[in-house]
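Enquirer: The structure is given below, and queries will be raised subsequently.
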Amino acid sequence: MSDAQVVVVGGGIAGLAAAAFLSGAAGVAARARVTLLEASGRIGGKLWGGEVGGVRVDLGAESVLARRPEAVDLARAVGLGEELEPPTTAKAAIWTRGALRPLPGGQVMGVPGDLEALAASGVLTDEGLERARNERPGEIGEDVAIGRYVADRLGQEVVDRLVEPLLGGVYAGRAEEISLRAAVPQLLSIARGGGSLVEGVHELASRPKVAGTPVFQGLRGGLGTLPGAVAAACVKAGVDLRTDAPVDELRRTPDGWRVVAGGEVLHADAVVLAVPAPVAARLLREDAPAAATDLDAVEYAGMALVTLAFRRADLAEPPGGSGFLVPPVDGRRIKASTFSSNKWGWLERSAPDAFLLRTSLGRYREEEALGLPDEELVARSLADLEEAIGLTARPYDTFVSRFTAGLPQYPVGHLDRVARVRAQVARVGALALCGAAYDGVGIPACIGSAAAAAAAVDRLLTPATGEGSTERTMGA
């Protein structure tokens with residue numbers, strides 16, 4: 001292991017993963033001595049677990065995309081391989097046009113690849129379906145908002161009732177502003193191919209899947225157990241992990257970095273910033289002002305999750321399926337509901353007499369719900385659930401999780417902004433950025449960006465051999 005000292009700022013999953021990759025806790029060779037500084041009193045960020053009604057549940061993110069390997073690989077590296085469990089086969093629905101309707105198969109982020117399945121679902125009106133059947137050709141430049149592009153090709157109703165609720169579940173954003181290139185790059189190649197969008201999506205959705213590889217994975221006991229396991233592995237590998245340690249100042253020095261946290265001065269050979277864009281902007285204001293300006297421009301959406309615990313004996317009939325999405329165009333209060341006890345077999349097994357579900361409220365530029373009392377968010381959730389699925393029982397326990405400025409938005413031009421930030425940061429020394437603001441908001445993407453940041457720091461701290469210099473562009 002190198003004697004280099006690296007400070008990781010931020011104890012969400014990206015920061016924890018970066019510390020794990022640098023210290024050797026993730027099953028790779030140790031690269032440096034690491035200190036991790038987390039401003040709050042807990043690690044994990046959006047991965048957060050707790051008890052509701054005496055039942056252990058996730059209070060934040062609950063699953064990972066398993067076909068990107070980073071999150072599953074990290075879970076296995078820190079000893080959670082035996083706890084991996086995919087969701088059940090319960091199906092999701094869309095609550096639209098006054099009824100719960102099956103989420104049509106063969107779609108990719110709401111863009112249909114099977115018009116017969118779309119018709120059978122009843123999600124679209126006859127007029128909307130007819131417009132989707134009469135696809136219009138369209139050209140695409142370097143980038144375009146996914147909502148605008150799909151509306152031009154297949155009609156606004158496809159966007160309103162399919163793309164919006166599915167994208168909203170990932171970004172809490174607006175389809176008419178989210179970048180196709182940044183958010184759904186697999187559709188960009190289809191769009192640039194010049195053929196039918198529906199046929200391209202059908203081909204993409206029909207590609208053979210790797211046998212035995214589920215689309216999503218969770219963890220028994222909840223995904224909120226992952227940060228603790230990574231942290232424990234990091235501490236065992238020698239990481240100095242500190243909570244309640246906000247970083248007040250970060251400055252370049254002739255031989256590295258000066259980090260001021262809670263009045264204490266630390267000296268580092270390299271720094272990894274795994275914090276939201278506004279925090280990174282503040283810390284980089286003096287040494288990388290152009291990068292700070294770009295980071296200040298990253299906007300965020302806030303949302304709330306309401307977890308409700310019911311006694312099964314109080315339910316006339318437990319809801320079926322895994323839950324439902326709600327298109328904003330329908331004007332409901334909630335944006336989605338997950339029937340957690342149906343979706344996760346481990347949860348049903350651990351609490352057979354309880355039924356847990358959760359709702360989400362709030363999205364980009366519609367965040368007033370975050371300022372309401374918990375009781376009001378619960379009441380709004382119950383009112384919509386009664387209308388959607390006839391639920392009249394009262395929960396015996398509730399919990400509200402708030403994520404103010406929780407999800408970065410990826411508008412058209414986002415990837416160009418990220419490239420500029422990294423080019424600017426590369427000029428100031430051994431520093432790397434990672435997290436949801438850059439290469440994807442999903443957990444595997446955050447872990448992947450952490451691995452890239454750790455590798456970049458390692459390159460910059462390793463003496464160059466032959467031609468060249470350690471002052472290389474990081475690409476993290």
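Each chain in the structure tokens gets a letter, A, B, ..., in the order shown, and its residues are numbered from 1; ligands are numbered from 1 in order too.
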If we count only C-alpha atoms, what is near A:Glu38 at a cut-off of 12 Å, once residues fewer than 3 positions away on the same chain are taken out, given as JSON, numbers by chain?
Expert: {"A": [7, 8, 9, 10, 11, 12, 13, 14, 15, 16, 19, 35, 41, 42, 43, 44, 45, 231, 240, 241, 242, 243, 244, 245, 246, 247, 248, 261, 262, 273, 274, 275]}
Enquirer: Report as a Markdown table: every residue of stretch 58-154 of chain A with an atom at most 7 Å from stretch 210-221 of chain A, its closest pair of atoms, and their distance in Å to one decimal, counting only C-alpha atoms, with rows sorted by chain and ascending residue number.
Expert:
```
| residue | atom | partner | partner_atom | distance |
| --- | --- | --- | --- | --- |
| A:Glu62 | CA | A:Gly218 | CA | 6.5 |
| A:Ser63 | CA | A:Gly218 | CA | 4.7 |
| A:Val64 | CA | A:Gln217 | CA | 5.4 |
| A:Leu65 | CA | A:Phe216 | CA | 4.6 |
| A:Ala66 | CA | A:Phe216 | CA | 4.7 |
| A:Arg67 | CA | A:Val215 | CA | 5.8 |
| A:Glu83 | CA | A:Arg220 | CA | 5.2 |
| A:Leu84 | CA | A:Leu219 | CA | 4.6 |
| A:Glu85 | CA | A:Gly218 | CA | 5.2 |
| A:Pro86 | CA | A:Gln217 | CA | 4.2 |
| A:Pro87 | CA | A:Gln217 | CA | 6.6 |
```
Enquirer: Tell me, as a list in words, which residues lie within 12 Å of A:Gly54, counting only C-alpha atoms; anything in the same chain fewer than 4 positions away does not count.
Expert: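 Non-adjacent residues within range: Gly50, Leu308, Ala309, Phe310, Arg311, Leu347, Ser350, Ala351, Asp353, Ala354, Phe355, Leu356, Tyr396, Asp397, Thr398 and Phe399 of chain A.
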Enquirer: If you take only C-alpha atoms and a cut-off of 10 Å, which residues of stretch 299-329 of chain A touch stretch 168-176 of chain A, and what are their nearest atom pairs and distances in Å to one decimal, in chain and number order, as a tab-separated table?
Expert:
```
residue	atom	partner	partner_atom	distance
A:Tyr300	CA	A:Gly173	CA	8.8
A:Ala301	CA	A:Ala172	CA	6.2
A:Gly302	CA	A:Ala172	CA	7.6
A:Met303	CA	A:Ala172	CA	7.5
A:Leu325	CA	A:Gly169	CA	8.0
A:Val326	CA	A:Gly168	CA	9.2
A:Pro327	CA	A:Gly168	CA	8.7
A:Pro328	CA	A:Gly168	CA	9.0
```
Enquirer: Keeping N, CA and C atoms, export the residues of the selection given above as a CSV table (one decimal), in the first residue's frame.
Expert:
```
chain,number,residue,atom,x,y,z
A,300,TYR,N,-31.4,20.5,-8.4
A,300,TYR,CA,-31.8,19.3,-7.7
A,300,TYR,C,-33.3,19.3,-7.5
A,301,ALA,N,-33.9,18.0,-7.4
A,301,ALA,CA,-35.3,17.8,-7.0
A,301,ALA,C,-35.4,17.3,-5.6
A,302,GLY,N,-36.4,17.7,-4.9
A,302,GLY,CA,-36.6,17.1,-3.6
A,302,GLY,C,-37.9,16.2,-3.6
A,303,MET,N,-37.9,15.3,-2.7
A,303,MET,CA,-39.0,14.3,-2.6
A,303,MET,C,-39.2,13.8,-1.2
A,325,LEU,N,-47.3,3.4,-10.5
A,325,LEU,CA,-46.8,4.8,-10.8
A,325,LEU,C,-48.0,5.7,-11.2
A,326,VAL,N,-47.8,7.0,-11.0
A,326,VAL,CA,-48.8,7.9,-11.2
A,326,VAL,C,-48.3,9.0,-12.2
A,327,PRO,N,-48.9,9.1,-13.4
A,327,PRO,CA,-48.5,10.2,-14.3
A,327,PRO,C,-48.9,11.6,-13.7
A,328,PRO,N,-48.0,12.5,-13.7
A,328,PRO,CA,-48.3,13.9,-13.2
A,328,PRO,C,-49.5,14.5,-13.8
```
Enquirer: What gap, in Å, lies between atom CA of A:Arg153 and atom CA of A:Leu415?
Expert: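 Computing it gives 23.8 Å between the two atoms.
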